[in-house]
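Below you'll find the structure, written out as structure tokens, and then a few comments.
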Amino acid sequence: MHILLVEDEPKSGDYLRRGLTESGFVVDWVQTGVDGLHNARTLDYKLIILDVMLPGMNGWDILRELRRTHDTPVLFLTARDEVEDRVKGLELGADDYLVKPFAYTELLARVRTLLRRGPSREVDLIEYDDVVLDVLRRKVTRAGQRIDLTAKEFALLHMLIRRPGEVLSRPQIASQVWDMNFDSDTNVVDVAVRRLRAKLDEGFEKKLLHTVWGMGYVFEVREGRDGRELREVRP
């Protein structure tokens, strides 16, 4: 079981990482809010243990952003013990809330309960800029206009929109969308991206699906320092 621990206090973080590792879990420990959100969005965790007061970005904001795209169970672990704080955390989408100081045995019991329970919610709609992906109905709209996609195109967009700003390599895409090992002699990924780009970006001034030469593809809004979109130049 892969767990993300977001805790800025070195002693607490080291204590929790060692304890959870000894209990049989694989633990990634980061100490800033920005790193926590990045890891939570880009790696596959079964549970996130999240502090509230963090440098760079607090736990409230991390959870708020995460719940736009991910349903990973989240346990708040914080010294903030006011009722209002607990209510806020749960209303933002936390699955549990444990106040410091705590007994490790209680934390471990809560972790195991959340892992048995699994994700507590399904993300029905994923939104990025003017694109809305309806997971349950398998529909996509952009600026209110319906975009008709094949099953593989939908799976490709689903993968990209859940990881905005992350460059995804061709092997990553091939393994997750086609469940296949990437062969450098095949252009199946490039063809699918080209077809998706034609449906999603053509006819719209703002382009979202970009090629990163030599690396892969990225789904994001690109703006220059003057606020204007950076045009992608392709040979």
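Note on naming: chains are A, B, ... as they come in the structure tokens, residues start from 1 per chain, ligands start from 1 in the order shown.
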Residues near Val34 (chain A), cut-off 9 Å, only C-alpha atoms, skip fewer than 6 positions along chain, as a list in words:
Pro55, Gly56, Met57, Asn58 and Ile62 of chain A
Exercise: Ala155 (chain A) partners within 10 Å, only C-alpha atoms, chain neighbours under 3 positions left out, as a ChimeraX atom specification
/A:135,138,149-152,158-160,173,176-178
Output file for the residues above (N, CA and C atoms, as a PDB file, in the first residue's frame):
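Resulting contents of part33.pdb:
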```pdb
ATOM      1  N   VAL A 135     -17.342  11.740 -16.505  1.00  0.00           N
ATOM      2  CA  VAL A 135     -16.790  10.388 -16.435  1.00  0.00           C
ATOM      3  C   VAL A 135     -17.879   9.332 -16.571  1.00  0.00           C
ATOM      4  N   ARG A 138     -19.565   9.523 -20.061  1.00  0.00           N
ATOM      5  CA  ARG A 138     -18.585   9.418 -21.148  1.00  0.00           C
ATOM      6  C   ARG A 138     -18.798  10.514 -22.186  1.00  0.00           C
ATOM      7  N   LEU A 149     -15.872  11.711 -28.972  1.00  0.00           N
ATOM      8  CA  LEU A 149     -14.614  10.987 -28.942  1.00  0.00           C
ATOM      9  C   LEU A 149     -14.850   9.485 -28.998  1.00  0.00           C
ATOM     10  N   THR A 150     -13.876   8.766 -29.542  1.00  0.00           N
ATOM     11  CA  THR A 150     -13.903   7.310 -29.470  1.00  0.00           C
ATOM     12  C   THR A 150     -13.537   6.887 -28.053  1.00  0.00           C
ATOM     13  N   ALA A 151     -13.677   5.592 -27.775  1.00  0.00           N
ATOM     14  CA  ALA A 151     -13.370   5.093 -26.435  1.00  0.00           C
ATOM     15  C   ALA A 151     -11.904   5.345 -26.074  1.00  0.00           C
ATOM     16  N   LYS A 152     -10.975   5.115 -26.998  1.00  0.00           N
ATOM     17  CA  LYS A 152      -9.563   5.334 -26.713  1.00  0.00           C
ATOM     18  C   LYS A 152      -9.246   6.820 -26.599  1.00  0.00           C
ATOM     19  N   HIS A 158      -8.943  11.495 -20.589  1.00  0.00           N
ATOM     20  CA  HIS A 158      -9.137  11.282 -19.143  1.00  0.00           C
ATOM     21  C   HIS A 158      -7.789  11.228 -18.431  1.00  0.00           C
ATOM     22  N   MET A 159      -6.839  10.540 -19.016  1.00  0.00           N
ATOM     23  CA  MET A 159      -5.504  10.449 -18.433  1.00  0.00           C
ATOM     24  C   MET A 159      -4.824  11.811 -18.394  1.00  0.00           C
ATOM     25  N   LEU A 160      -4.927  12.553 -19.488  1.00  0.00           N
ATOM     26  CA  LEU A 160      -4.256  13.850 -19.590  1.00  0.00           C
ATOM     27  C   LEU A 160      -4.870  14.899 -18.663  1.00  0.00           C
ATOM     28  N   ILE A 173       1.686   6.604 -21.749  1.00  0.00           N
ATOM     29  CA  ILE A 173       0.371   6.646 -22.390  1.00  0.00           C
ATOM     30  C   ILE A 173      -0.001   5.282 -22.941  1.00  0.00           C
ATOM     31  N   GLN A 176      -1.016   2.768 -20.139  1.00  0.00           N
ATOM     32  CA  GLN A 176      -2.254   3.040 -19.402  1.00  0.00           C
ATOM     33  C   GLN A 176      -3.485   3.063 -20.299  1.00  0.00           C
ATOM     34  N   VAL A 177      -3.350   3.543 -21.512  1.00  0.00           N
ATOM     35  CA  VAL A 177      -4.521   3.646 -22.392  1.00  0.00           C
ATOM     36  C   VAL A 177      -4.722   2.371 -23.205  1.00  0.00           C
ATOM     37  N   TRP A 178      -3.623   1.768 -23.672  1.00  0.00           N
ATOM     38  CA  TRP A 178      -3.720   0.570 -24.500  1.00  0.00           C
ATOM     39  C   TRP A 178      -3.311  -0.694 -23.758  1.00  0.00           C
TER      40      TRP A 178
END
```
Identify, on the basis of only C-alpha atoms, every residue whose closest approach to Tyr128 (chain A) does not exceed 7 Å; exclude the query and any residue fewer than 3 positions from it along the same chain; express the result as a JSON list (two decimals) with all heavy atoms, in the first residue's frame.
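What ended up in around_16.json:
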```json
[["chain", "number", "residue", "atom", "x", "y", "z"],
["A", 131, "VAL", "N", -12.90, 22.95, -20.58],
["A", 131, "VAL", "CA", -13.20, 21.56, -20.91],
["A", 131, "VAL", "C", -13.87, 20.88, -19.72],
["A", 131, "VAL", "O", -13.41, 21.00, -18.59],
["A", 131, "VAL", "CB", -11.93, 20.78, -21.29],
["A", 131, "VAL", "CG1", -12.25, 19.32, -21.54],
["A", 131, "VAL", "CG2", -11.28, 21.40, -22.52],
["A", 132, "VAL", "N", -14.96, 20.18, -19.97],
["A", 132, "VAL", "CA", -15.66, 19.41, -18.94],
["A", 132, "VAL", "C", -15.76, 17.96, -19.41],
["A", 132, "VAL", "O", -16.28, 17.69, -20.49],
["A", 132, "VAL", "CB", -17.07, 19.96, -18.67],
["A", 132, "VAL", "CG1", -17.77, 19.12, -17.61],
["A", 132, "VAL", "CG2", -17.00, 21.42, -18.23],
["A", 161, "ILE", "N", -6.20, 14.95, -18.61],
["A", 161, "ILE", "CA", -6.87, 16.02, -17.87],
["A", 161, "ILE", "C", -6.73, 15.81, -16.36],
["A", 161, "ILE", "O", -6.83, 16.77, -15.58],
["A", 161, "ILE", "CB", -8.36, 16.12, -18.28],
["A", 161, "ILE", "CG1", -8.93, 17.49, -17.90],
["A", 161, "ILE", "CG2", -9.19, 15.01, -17.65],
["A", 161, "ILE", "CD1", -10.32, 17.75, -18.47]]
```
Which of these residues is nearest to Leu98 (chain A), using only C-alpha atoms: A:Leu54, A:Leu43, A:Leu115, A:Ile49?
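Looking at the shortest contact to Leu98 (chain A), the residue is A:Ile49.
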Name the residues in contact with Phe76 (chain A) at a cut-off of 8 Å, using only C-alpha atoms, excluding same-chain residues fewer than 3 positions from it; report them as a PyMOL selection string.
chain A and resi 49-52+89+94+96-98
